[in-house]
Structures are given as structure tokens and as C-alpha cells.
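*Asks:* One structure is given below, represented as C-alpha cells, and several questions about it will come after.
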Amino acid sequence: MNSDNIGVTGSVERNKTAKSKKGFKAFIYSQKIAPYVFISPFIFVFVIFFIYPAISTVTMSFQTVLPGKVEFIGFENYKNLFNPTFFKAIKNSIMYTALTLALLIPIPMILACFLNSKNMVGRNFFRSTLFIPALTSAVVATTIFRLIFGELPGSLMNQIIGAFGLSPIKWLKMQHTSFAALLFLACWRWTGVNILYFLSGLQNIPQEVNESAELDGATTMQKFMHITMPMLRPITIYVLTISIYGGMAMFTESYMLFGSNKSPNDMALTIIGYLYRQGWEQNNIGFGSAIGIVLLLFALVLNFTQLKVFGLFKKED
Amino acid sequence: MSKKQKEIKEKMKVTPQTILLLVLFIGIAAVVLFPIFCITLASFKPSKELLRFGLNVKIEPEVMSLGNYIFLFTGKNNYFMWFKNSLVITAIQASLTLIVSALVGYGFAMYDFKYKNQLFMCVILIMMIPMEIIMLPLYKQMIGMKMIDSIWGIILPFIASPAPIFFFRQYLSGIPKELMEAGRIDGCSEYGIFGRIILPLMAPSFAAMGIFVGMNSWNGFLWPLIVLRSQNKFTLPIGLATLITPYGNNYDVLIAGSVMAILPILIVFLFFQQYFIEGMTAGGVKG
Amino acid sequence: MKKITAKLMSILLAGAMLTGCGGGNAAAPSTGGNGAEKAPAAETKTEASADAATMELWTFQEIHTTFYEELANIWNEQNPDRQIKLNYTVLPYDDMHSKLLIALQSGVGAPDIADIEIGKFANYLKGEPQLLPLNDVVDPELNNIVKSRVEIYGKEGKYYGICFHIGASVTYYNKEILDKAGVKAEDIVTWEDFRATGKKVLDKAGVPMATIETSDPWSFWPMLASQGGDLLKPDGSPNVDSPEFIKAIAFVQEMIKEGTMVVAPGAFHHAEEYYGFMNNGGAASVSMPLWYMGRFTEYMPDLNQKMVIAPNPIWEKGQPRSVGLGGTGTAVTNQAKDAQLAKDFLAFAKLSKEANIKIWTSLGFDPIRTEVWDAPEIEAPNKFTDYFLNSPFDVLGQIKNEIPAIVTGENLPKVMDALKTSTLFRAFEDLEDPAKLVADEQSKLN
């Protein structure tokens, strides 16, 4: 897209004198304009594909949207959000996000450091192994987990806890255990991916820094705290940001684990699950849009706070 | 080979810690691989066995056969058409998204310009918009652009994808800006700096994002499903999901098909992974 | 440059599409004018070479396509001048319904014909229905079919869908277990009989009499229906706090406390866990509609030649012993290229005699056209008659006047959802007090 654009404008300019062509070229090549050229694809995509849908979603959130019957109903959709089911969905989403953040950032970071160390035997093998779950289709992964967390005494999890003398548990029918199953699934699927991010970040740390620290007699722990962690900061911010959104927008895992969008007592209902139920399963797209806007606001507030705290918008020099 | 062995001899020290670490990783790998092992095993058994006895790890040669795979390869199903479509879309989408997002991410990381923060906030904003609700207006938009039922309708709206843009920006913020100045002094243009100096340094990040974008595209479900209309353009995740219905699932094809679906992206992964190692050896440049 | 090529392409495409349509729409009134003389010649020409009108058909069930294909072949034999070619698109269940909503909302991209599940059907009737009324093709056959199977897809006297089956609810008994306990399925008439038998089964065979779902309503619904109750009031509003609900919940709770009934492993009768449980003789019976037969033959191989089909128990003599549950209504959308042809084909595929025989022989559903129930073709052995100890059509014959229709309406998706996610779970897993529970659930629905 980018180069195309230059080409087209360039050909328009062809008739003009060589001097002005040079001027144009200089303009495109100037240090001031170059960044805009670099980010122009994003601006195009944003303007062409997302402005209308974004505005339309906001509009719909103030409407009843049915074929042949589109009406403005003011804040009615937003007022309807004040119900216990939606609050439950918010609570579930926030809890899931918090727990996945607590598990899926520190653990992959440490594992990535181990996998990056030269003393590690078979590190390529382990990297690939930990990544495989991310490749399995969600449909099948969750079918497997549904069977692992089955409630019959013969199911795998019940056999495992049975070995410790515990009696069988109905895993997917209780709040805590079904959340545990969801988290287990999340960790299983995403640990490898997050390791990958941290590994690529670790490649940015010059070997010399570590080596000189070693010469100064720094322990592994000290190196991790004072070299690795700060150097991984940009990547950590990235992982944090996408994890916040990923957590708040979780739906597929819950949908699949319970065979459909119907966990008992809505114990695994998420915000998107509620959006899907209201917007599509019950054809109330106006209300669904209102839920979507609320989710967007939640994710934005959480992320902008986080990014501000970690100083992403600060001018770096 | 010999060089590698030498390296290993030189750098490897067998300490209690390394052994402990190895044990830890073998443990983790066992937990991670277990479900995969289960489906792989199940894919060799008739699906009735799965329902009869649940998920188990018994290797039973008397009931195991290649039946499901033979059915997959020869039976009347669209598996390989889905597979091929997914391969095509993933290849095109991943490469285009990677290139475009790298450019954008670079622009955000290395330059200061007017409205930079505002524009970057737009990137984050797009990342946070739930697909589940924007799909209706986006679909209407696609109708106007005549992109329904075309792979461009799937690819173009996400070609400057926010997550990779953000990742590249973050990754590049670790690279010293002096390199750019050095380039300018050497007479490189702004684009030359990107192409000749920065791009080679981005190899590990390209590897990570190549895997990430490829994986997302390979597993992409909701938007391709909305855009595509012709059955012969369907992708693997859509196809596999059609095997699940409220009136009973087609476990035979589902399980064998899912095991097969892991393969191509695993190959891509193994290929890209090489760059992590190369990236490490190139570490000296960055000092 | 690219844009111009794209535009050219789209104009060319549109042109190609226009000529294509002309061929199919032989019966459509011509636009008149100068072209009138030329047009018929062109039409006959295309009709001779390109023999069929193409129709898009969406379904979420792969095996339905085989059924439609067989029917399309018969149709083409019978109607040489109105040939059709069906283009199938099989989509994932939930997503097919959302995709169809999007296509109908935006006016572009919908198929000619679509299978719509009954639980979702009401969504398509909200506002101005974007489906076509089928009254002109359904009315002539109305006396030959179970009328309620089109009424459930209706709104304001118009029918928008035709069902595959009746979905008559029956009870499947595991005869092996009953024999062990020395009891017979035929002796069970009322729910009290069922419960007493259950105690014997629990004592002698050590397994519960039945399972109940908490995330689907199929086994619970008949207990309401026989009392004349339903999920919706006749006016279409939620009916969860009705006395019928309280009575049925209280009864099931007592059986659960006795151990004669258990919640289905996996919470519904389509869970992998449940199939395994039932297959290995986990419970003596299950109440499900007749379309559930396929689940036995597919997923419970070890119950072959062990299962007996019988009418459901009732509360008091004289109550209906069944109810029509579930279903897939096939509809013609308002984006159909040749609406009349689509409607005629649909009527043929769902209402004709040969179609209804095929519905049994190739899909294993209880057909909606009553005369075929004792047609000789129905008697022929197939995998269902081989599997079950008695013929489903014998049972169907016994209960044919006892299959009331459920009340449908815009509130049905909402109430079904409440039942699947909350009401039944609280009732049978948490064993909450029935009266308080239904009052609370009803208040959430209003």
C-alpha cells in the first residue's frame, strides 16, 4: 500500500520539472515525513475499515436494531446493563484476567530465562514442546479438557486426586474448580506463546552485559533482578497489555469447556459471553453493542492506567 | 556438527542446578504433552472407544488402527480443501501483516512526531474493540467494498494489526537510536536505515511475530467465517467446528483432523525458531 | 489502476450474474420494451444448456445435505422444466445462526434456503421477519401433517418454517437393567409408578432409574407438558413460576434425594461423559425426544438390543404422554433469487410423502406427515430398528393424539437460556426450595 502510494503520486508529478520532482522526493525522504510514511498503512486501515464500524457500534448502543425497526431508545440499553447477570460476567472476567496475569507473566518469564541459558540441555526441544498446545484447535483442546475434568470417578483428574485419597469432584459444576480448570487450560495453551515473547526480548540483551556482571561476581538472582528484568521491560509491557485484553475478552475457552455458552449458574460467563448471548443468541444487537462499549472502556482504562504507570507514553531519549 | 559439539563441551557444565532444571522441564513438558499424547492416541482408535472408556492412555493394539486417517484422506469430506485454504490464507496473511506491521511499529518506535501518542492510542483502541460486536458494521463495510467471500476481506482490515505493531514498537525501543544517527552520517536515507541497519537486528522479533501471526491466522475463526460464503473457501478451523453440532459430534474426523492440523504450523515454528539462535550469535552487534 | 481494474471486474461480474439470473427466472415477467423479442430466445437457449437454477442452502448439520441432495434428485426427475441445483454450506451451529442474522440484517449475503434451529427461530421473527411466509405451499397439506410442526415457526398466522420431525418425547428404558430388578417398562404409567420402580432398580441393580439434565430442558419439559404447563404462557410471556414448574421440580428433587434419579454426568444428554456413563449401564432410563435415537446408535454401541422405547410417565391418567420437542425449521429467506421455486422445493422436501419416508429412512427422525407412519417403507429394517427392541412407530402410533405443541414466541430464547444456565442447575444440583427458586428466576426474566 505504502509503496503504491508513492508510485501513484510520483507519476502525477512526472510532468513537472526535474527540480520539483527532486523536491518531492526530498519531501518524502525528509526525516519529518518519513515516520508518517512508515505508519501510513495503519492510518489507511484505521480510516478505511474501522472508523465507520466504531461509530456505528456506538450508535447502535443507543438503539433497538431489528430488521425494519431501528429506533433510538436513548440510554435504555445502558440502563439494562445494571443486572446481576452482567455484574457476574464482569466479576468473572476481572477475576480471570487477574489470575491469568498472575500466572502467565512471571512463570513464562522465568522459564524463558532458563531456556535462554547456555547450560540448558535440550532447550530447542522444550521450546517446541511448550509451544505445541497453542497450535491445537480450540475445539479439540477443550473437548480433551472437558474429559480430563469430568465428574465421574474414572475421569483423569479424579483419578489423580483419588491417588491422594480424595473423593471425586464435580469439577465443572463448582465455581472454584471450574475456574481452576479454565486457568489450567489458559496456562496450558498460552505459556509457550508468552515464553516466545520473552525469549525474543532476551535476544536484545547483549551478552557482554551479563558476562561483565559475572566477572563482577553477580549471582544469578542479582543478574535476573538488575539486568534481565529491566531489559525485558518493553516486552513485559507488551505481554501485559495483550494479556489484559485477552483476559477481559475471553470467551472461546468457557464456551467450549461447557459445551456451549451455558455454564451452570453462569459461573464461567464472561463479558463477551454475555455480549454473544444477548447480541446474537437473543438477537438484541443494540444491547450487545452497549456491552461491547462497556468492555472496550474497561479494557482501555485498565490498559491506559497500566501503560501510564509503566511510562509508555513518556518521551524516551 | 563438530563445531557445535565443541561449543557444548566448552560451555556446558554439569552442575546440580542444570540437572534440577532438566528435571523441572521434563516435568513441565510431560504435563504439557499429556493431552496431546491423549488425542494422538485417541486418533488411532474408533471414536466409540473414547465414549465407552473415556480419555485414557492405554495403548491397545487390538482396537488401534489407521482407520480414522484413512477416512480422513480418502473419505467423502472436505478436510484437505479446508487444509489447503488455510495454508494459502495463512501464508499470504502472515507475510503481509508481518511486513506492514514491522514498518508501522518501526515508525512508532524510532521517531518523534506530531500526534504520535494520539495515533498510538488508536492502535491500542483497535486492539481492544471486541470482534464479536464490530462484525456487523464491519460486514456492512465489506459489502460496500465488494470484499465479501474474498480472502482480501479477511486479510486487509487486519493487515496493520495492532498486536504486532505494538510488539515491534516495544522490541525496537530496546535498540539504541544512535544506530540511526550513525546511518544518517553514512549517508543512508530514512528508508535505507530501516532496510540496512534495523531490519537485520529485528530477526528474533520477526521470528516471534512470524510464529504469532501465523498461529493467529491458522486458528482464525470468527471473521473468516463471517466474510466467507462459499463452502469451497472455508478454512480448517471453520471446517473442524462444523463437525460439532448440538445433535452429536463427528469425533472420528474431528480428532484425527485436529492432530493433523498441528503439523504445518509446527513446521513453521521449527523453521522460525532457528532465528532465535542466530539472533543470539548476532548479539555482539548490539553493544 | 488497481481500483479501476477492480471496478471493471465487478461490472463484468455483475453482468455475468444478470445473465445467469435470466436463465433461471423463466417464469418471471419480462421487463418489456425492445428487448422483449430477443429475451425469450436467449432464455430458451440458456435453459437448454445450463439446466438448473442454483440455490444456496445453509445448514449446521452435515447429514441434512445428503437428505436434501436425494430430494433434489427426485425433484429434478419429476420437474424437468424446473431443474434445481443446490449449493450447500455447512456451518458451525452457533455461528451459522449469527452469520444468518448478520446477512439478513444487512440485506446481503443470505442463502435462498436455511435450516434454523427451533431455539433460535424466534430471533428471525423479531421486527419485520426477513423470511418468506410459506402459507401458500403449506396450507394445502395442513391436514396431512402434524400441524403444530409448522405453527411453532409462525407469527401472526403466517408460517415461516417447516420442521423435519415431530420430536415426540419418549422414554428409553434399558431392559437389561429392568430385568435385573424384575420390573417391566409396560407397567410404568404414572410418575409415582416410575418412582416406585426406581426404588426397586436402585435396590436390585444398584443404579439410578433415570438421569436429568441441568443444562438442557429436554427431560424436564415433558414433566411440565403433561400437566398442561410450558415455558411460556399462552400469551408468550415467561411462565417459570407456574405451579406446574414447582410440582415437577419438587418431584425430581425427591427422586434425587432418594438416589433414584441423578443429574446427568456432564450436565446434559449430549455430553461425552454422559454417553460413556449410559453406555456402560449407568442408569435404567432416559426421557428424550425420538430424534435422540441416533445418539444411541452412534455413541452407545453397547446398548444394542437392550433398549425399549415407551411413552413417558404422566401424573394422572388422561394426561398427554408426550410433547413435541426440538426441531429444525427450514425457511426461505427474502434474499432468495427465485422465491417461488425455493418455496415449492422446500414444500416438496419437507411435506411430500416420499420426503417424509426419507426423513425416517435416511435421518432417523419421526416424520411430520402422519400417513407415512404405517407405510410399508417404514417397516423395512434399518439401523434403528436393528438397535431397539421395539419399533418407534408402534410407540408413535399409541401416542399420536397426545403430542401437544409447545408455545413459541420472542421470549423463548431468553427463557430457554435461563433454564439451561440457572434454573435447572439450582433446582437439581443445589436442590433449592422450588417455590422460592422459581419466583426468583421469574423475577429475573421480567
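Chain lettering (A, B, ...) mirrors the order of the C-alpha cells, residue numbering begins at 1 for each chain separately, and ligand numbering begins at 1 in order of display.
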Can you list every residue of chain A that has an atom at most 6 Å from chain B, with its nearest atom pair and the distance in Å to one decimal, using only C-alpha atoms, ordered by chain then number, as a Markdown table?
*Replies:*
```
| residue | atom | partner | partner_atom | distance |
| --- | --- | --- | --- | --- |
| A:Pro35 | CA | B:Gly107 | CA | 4.9 |
| A:Phe38 | CA | B:Gly107 | CA | 5.1 |
| A:Ile39 | CA | B:Val104 | CA | 4.3 |
| A:Phe42 | CA | B:Ala160 | CA | 5.2 |
| A:Phe49 | CA | B:Pro157 | CA | 5.9 |
| A:Pro53 | CA | B:Pro137 | CA | 4.8 |
| A:Asn119 | CA | B:Met12 | CA | 5.2 |
| A:Leu135 | CA | B:Ile262 | CA | 5.6 |
| A:Thr136 | CA | B:Ile262 | CA | 5.8 |
| A:Ser200 | CA | B:Pro204 | CA | 5.3 |
| A:Gln203 | CA | B:Met280 | CA | 5.6 |
| A:Pro206 | CA | B:Gly283 | CA | 5.5 |
| A:Pro234 | CA | B:Gln170 | CA | 5.0 |
| A:Ile235 | CA | B:Gln170 | CA | 5.9 |
| A:Leu296 | CA | B:Ile129 | CA | 5.8 |
```
*Asks:* With C-alpha atoms retained, could you export that selection as a PDB file, in the first residue's frame?
*Replies:*
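What follows is the written file again.pdb:
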```pdb
ATOM      1  CA  PRO A  35       7.626   8.495  10.206  1.00  0.00           C
ATOM      2  CA  PHE A  38       6.074   4.348   7.965  1.00  0.00           C
ATOM      3  CA  ILE A  39       2.829   4.475   9.876  1.00  0.00           C
ATOM      4  CA  PHE A  42      -2.064   1.859   9.877  1.00  0.00           C
ATOM      5  CA  PHE A  49     -12.017  -0.092   7.891  1.00  0.00           C
ATOM      6  CA  PRO A  53     -17.786   0.374  12.339  1.00  0.00           C
ATOM      7  CA  ASN A 119      23.651 -24.556  30.277  1.00  0.00           C
ATOM      8  CA  LEU A 135      -1.316 -24.912  17.833  1.00  0.00           C
ATOM      9  CA  THR A 136      -4.113 -27.267  18.738  1.00  0.00           C
ATOM     10  CA  SER A 200      12.791 -12.778  21.660  1.00  0.00           C
ATOM     11  CA  GLN A 203      17.946 -11.736  22.447  1.00  0.00           C
ATOM     12  CA  PRO A 206      23.929  -8.007  24.916  1.00  0.00           C
ATOM     13  CA  PRO A 234       9.289  -3.227  26.989  1.00  0.00           C
ATOM     14  CA  ILE A 235       8.326  -6.784  26.178  1.00  0.00           C
ATOM     15  CA  LEU A 296     -13.953  -1.519  25.499  1.00  0.00           C
TER      16      LEU A 296
END
```
*Asks:* Using only C-alpha atoms, find each residue of chain C with at least one atom at most 9 Å away from an atom of chain A; report its shortest atom-to-atom pair and that distance in Å (one decimal), sort the rows by chain and rising residue number, and return the result as JSON lines.
*Replies:*
```
{"residue": "C:Met1", "atom": "CA", "partner": "A:Val8", "partner_atom": "CA", "distance": 8.9}
{"residue": "C:Asp94", "atom": "CA", "partner": "A:Glu281", "partner_atom": "CA", "distance": 8.0}
{"residue": "C:His97", "atom": "CA", "partner": "A:Trp280", "partner_atom": "CA", "distance": 8.1}
{"residue": "C:Ser98", "atom": "CA", "partner": "A:Trp280", "partner_atom": "CA", "distance": 5.8}
{"residue": "C:Leu101", "atom": "CA", "partner": "A:Trp280", "partner_atom": "CA", "distance": 7.7}
{"residue": "C:Leu104", "atom": "CA", "partner": "A:Pro67", "partner_atom": "CA", "distance": 7.8}
{"residue": "C:Gln105", "atom": "CA", "partner": "A:Pro67", "partner_atom": "CA", "distance": 5.7}
{"residue": "C:Ser106", "atom": "CA", "partner": "A:Pro67", "partner_atom": "CA", "distance": 8.5}
{"residue": "C:Lys120", "atom": "CA", "partner": "A:Glu281", "partner_atom": "CA", "distance": 7.0}
{"residue": "C:Ala122", "atom": "CA", "partner": "A:Gln282", "partner_atom": "CA", "distance": 8.5}
{"residue": "C:Asn123", "atom": "CA", "partner": "A:Asn283", "partner_atom": "CA", "distance": 5.5}
{"residue": "C:Tyr124", "atom": "CA", "partner": "A:Asn283", "partner_atom": "CA", "distance": 8.0}
{"residue": "C:Lys126", "atom": "CA", "partner": "A:Leu66", "partner_atom": "CA", "distance": 6.7}
{"residue": "C:Gly127", "atom": "CA", "partner": "A:Leu66", "partner_atom": "CA", "distance": 5.3}
{"residue": "C:Glu128", "atom": "CA", "partner": "A:Gly68", "partner_atom": "CA", "distance": 5.4}
{"residue": "C:Pro129", "atom": "CA", "partner": "A:Pro67", "partner_atom": "CA", "distance": 7.2}
{"residue": "C:Gln130", "atom": "CA", "partner": "A:Pro67", "partner_atom": "CA", "distance": 7.2}
{"residue": "C:Thr214", "atom": "CA", "partner": "A:Pro264", "partner_atom": "CA", "distance": 7.8}
{"residue": "C:Ser215", "atom": "CA", "partner": "A:Lys262", "partner_atom": "CA", "distance": 6.9}
{"residue": "C:Pro265", "atom": "CA", "partner": "A:Glu151", "partner_atom": "CA", "distance": 6.6}
{"residue": "C:Gly266", "atom": "CA", "partner": "A:Gly150", "partner_atom": "CA", "distance": 7.0}
{"residue": "C:Ala267", "atom": "CA", "partner": "A:Lys173", "partner_atom": "CA", "distance": 8.5}
{"residue": "C:His270", "atom": "CA", "partner": "A:Gly259", "partner_atom": "CA", "distance": 8.9}
{"residue": "C:Ala271", "atom": "CA", "partner": "A:Gly259", "partner_atom": "CA", "distance": 7.6}
{"residue": "C:Glu272", "atom": "CA", "partner": "A:Leu147", "partner_atom": "CA", "distance": 7.6}
{"residue": "C:Glu273", "atom": "CA", "partner": "A:Gly150", "partner_atom": "CA", "distance": 6.9}
{"residue": "C:Phe277", "atom": "CA", "partner": "A:Leu152", "partner_atom": "CA", "distance": 8.3}
{"residue": "C:Glu410", "atom": "CA", "partner": "A:Gln282", "partner_atom": "CA", "distance": 8.8}
{"residue": "C:Asn411", "atom": "CA", "partner": "A:Gln282", "partner_atom": "CA", "distance": 8.9}
{"residue": "C:Pro413", "atom": "CA", "partner": "A:Gln282", "partner_atom": "CA", "distance": 6.1}
{"residue": "C:Lys414", "atom": "CA", "partner": "A:Gln282", "partner_atom": "CA", "distance": 6.7}
{"residue": "C:Asp417", "atom": "CA", "partner": "A:Lys262", "partner_atom": "CA", "distance": 7.7}
{"residue": "C:Lys420", "atom": "CA", "partner": "A:Lys262", "partner_atom": "CA", "distance": 6.4}
{"residue": "C:Thr421", "atom": "CA", "partner": "A:Pro264", "partner_atom": "CA", "distance": 5.0}
{"residue": "C:Ser422", "atom": "CA", "partner": "A:Asn265", "partner_atom": "CA", "distance": 4.5}
{"residue": "C:Thr423", "atom": "CA", "partner": "A:Asn265", "partner_atom": "CA", "distance": 8.0}
{"residue": "C:Leu424", "atom": "CA", "partner": "A:Pro264", "partner_atom": "CA", "distance": 8.8}
{"residue": "C:Phe425", "atom": "CA", "partner": "A:Pro264", "partner_atom": "CA", "distance": 6.0}
{"residue": "C:Arg426", "atom": "CA", "partner": "A:Asn265", "partner_atom": "CA", "distance": 7.3}
{"residue": "C:Glu429", "atom": "CA", "partner": "A:Lys173", "partner_atom": "CA", "distance": 8.5}
{"residue": "C:Lys444", "atom": "CA", "partner": "A:Asn83", "partner_atom": "CA", "distance": 8.6}
```
*Asks:* Given the selection you just returned, output its residues as a file containing C-alpha atoms, formatted as a PDB file, in the first residue's frame.
*Replies:*
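In the end it all went to result-v1.pdb:
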```pdb
ATOM      1  CA  MET C   1      -5.005   1.418 -11.510  1.00  0.00           C
ATOM      2  CA  ASP C  94     -23.988 -21.157  16.733  1.00  0.00           C
ATOM      3  CA  HIS C  97     -27.211 -18.612  13.198  1.00  0.00           C
ATOM      4  CA  SER C  98     -25.193 -15.433  13.835  1.00  0.00           C
ATOM      5  CA  LEU C 101     -28.626 -12.834  11.350  1.00  0.00           C
ATOM      6  CA  LEU C 104     -30.412 -10.751   6.967  1.00  0.00           C
ATOM      7  CA  GLN C 105     -29.770  -7.574   8.969  1.00  0.00           C
ATOM      8  CA  SER C 106     -27.557  -6.123   6.282  1.00  0.00           C
ATOM      9  CA  LYS C 120     -33.113 -19.695  17.632  1.00  0.00           C
ATOM     10  CA  ALA C 122     -37.815 -16.641  17.272  1.00  0.00           C
ATOM     11  CA  ASN C 123     -34.814 -14.359  16.689  1.00  0.00           C
ATOM     12  CA  TYR C 124     -35.567 -14.285  12.979  1.00  0.00           C
ATOM     13  CA  LYS C 126     -38.357 -10.246  15.600  1.00  0.00           C
ATOM     14  CA  GLY C 127     -39.143  -6.938  13.905  1.00  0.00           C
ATOM     15  CA  GLU C 128     -40.094  -7.488  10.280  1.00  0.00           C
ATOM     16  CA  PRO C 129     -39.300 -11.137   9.515  1.00  0.00           C
ATOM     17  CA  GLN C 130     -36.694 -11.408   6.792  1.00  0.00           C
ATOM     18  CA  THR C 214     -29.357 -29.308  34.113  1.00  0.00           C
ATOM     19  CA  SER C 215     -28.047 -27.538  31.040  1.00  0.00           C
ATOM     20  CA  PRO C 265     -22.810 -36.593  34.080  1.00  0.00           C
ATOM     21  CA  GLY C 266     -21.615 -33.639  32.033  1.00  0.00           C
ATOM     22  CA  ALA C 267     -24.933 -31.901  32.810  1.00  0.00           C
ATOM     23  CA  HIS C 270     -25.203 -34.768  24.679  1.00  0.00           C
ATOM     24  CA  ALA C 271     -22.049 -34.749  26.827  1.00  0.00           C
ATOM     25  CA  GLU C 272     -19.290 -37.232  26.018  1.00  0.00           C
ATOM     26  CA  GLU C 273     -19.282 -38.189  29.675  1.00  0.00           C
ATOM     27  CA  PHE C 277     -21.958 -43.383  31.577  1.00  0.00           C
ATOM     28  CA  GLU C 410     -39.938 -13.967  21.129  1.00  0.00           C
ATOM     29  CA  ASN C 411     -39.307 -14.811  24.771  1.00  0.00           C
ATOM     30  CA  PRO C 413     -34.678 -17.966  23.583  1.00  0.00           C
ATOM     31  CA  LYS C 414     -34.478 -15.953  26.796  1.00  0.00           C
ATOM     32  CA  ASP C 417     -31.338 -19.677  28.294  1.00  0.00           C
ATOM     33  CA  LYS C 420     -30.071 -24.000  30.727  1.00  0.00           C
ATOM     34  CA  THR C 421     -27.766 -21.779  32.740  1.00  0.00           C
ATOM     35  CA  SER C 422     -29.512 -21.295  36.021  1.00  0.00           C
ATOM     36  CA  THR C 423     -32.992 -22.631  36.871  1.00  0.00           C
ATOM     37  CA  LEU C 424     -32.384 -26.343  36.381  1.00  0.00           C
ATOM     38  CA  PHE C 425     -28.936 -26.238  37.938  1.00  0.00           C
ATOM     39  CA  ARG C 426     -30.225 -24.530  41.060  1.00  0.00           C
ATOM     40  CA  GLU C 429     -27.738 -29.607  41.717  1.00  0.00           C
ATOM     41  CA  LYS C 444     -35.038 -12.138  36.656  1.00  0.00           C
TER      42      LYS C 444
END
```
*Asks:* When you get a sec, could you note down which chain C residues fall within 8 Å of chain B, using only C-alpha atoms, as number ranges by chain?
*Replies:* C: 60-62, 88-93, 95, 99, 102, 106, 108-109, 270, 272-273, 275-277, 279-280, 295, 298-301
*Asks:* Could you pull out all residues of range 68-258 of chain A with a DSSP call of helix (DSSP H, G or I) and give them as number ranges by chain?
*Replies:* A: 76-80, 84-104, 106-116, 123-135, 138-148, 156-163, 171-173, 175-202, 207-215, 220-231, 233-248, 252-257
*Asks:* How would you write, as a list in words, the set of residues in range 54-287 of chain A that DSSP gives as strand (DSSP E)?
*Replies:* Gln63, Thr64, Val65, Leu66, Lys69, Val70, Glu71 and Phe72 of chain A
*Asks:* Can you pull out the residues contacting Asn77 in chain A? Cut-off 8 Å, using only C-alpha atoms, and skip same-chain residues under 6 positions away; I want them as a PDB file with C-alpha atoms, in the first residue's frame.
*Replies:*
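Result saved to selection_2.pdb:
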```pdb
ATOM      1  CA  SER A  61     -25.743   1.002  21.533  1.00  0.00           C
ATOM      2  CA  PHE A  62     -28.442   3.672  21.757  1.00  0.00           C
ATOM      3  CA  GLN A  63     -30.852   1.781  19.507  1.00  0.00           C
ATOM      4  CA  GLY A 286     -28.276  -2.767  20.301  1.00  0.00           C
ATOM      5  CA  PHE A 287     -27.850  -4.169  23.780  1.00  0.00           C
ATOM      6  CA  ALA A 290     -23.717  -1.399  24.736  1.00  0.00           C
TER       7      ALA A 290
END
```
*Asks:* Give me the residues near Lys400 in chain C as a count of residues only, where near means some atom within 9 Å (using only C-alpha atoms) and where sequence neighbours in that chain fewer than 5 positions away do not count.
*Replies:* 4
*Asks:* Give me the residues near Arg369 in chain C as a compact mmCIF listing (two decimals) with C-alpha atoms, in the first residue's frame, where near means some atom within 7 Å (using only C-alpha atoms) and where sequence neighbours in that chain fewer than 5 positions away do not count.
*Replies:*
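Once everything was written out, this is result_25.txt:
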```
# COMPACT_ATOMS: atom_id res chain seq x y z
CA ASN C 144 -51.90 -34.33 6.26
CA ILE C 145 -49.26 -33.23 8.70
CA VAL C 146 -48.89 -32.64 12.42
CA LEU C 351 -44.15 -32.21 3.20
CA ASN C 356 -41.25 -37.98 4.82
```
*Asks:* Taking only C-alpha atoms into account, which of A:Phe184, A:Phe198, A:Phe125, A:Phe224 comes nearest Tyr96 in chain A?
*Replies:* A:Phe184
*Asks:* Select, from C:Ile152, C:Leu419, C:Ala375, C:Ile359, the residue with the minimum atom-to-atom distance to Ile63 in chain C, counting only C-alpha atoms.
*Replies:* C:Ile359
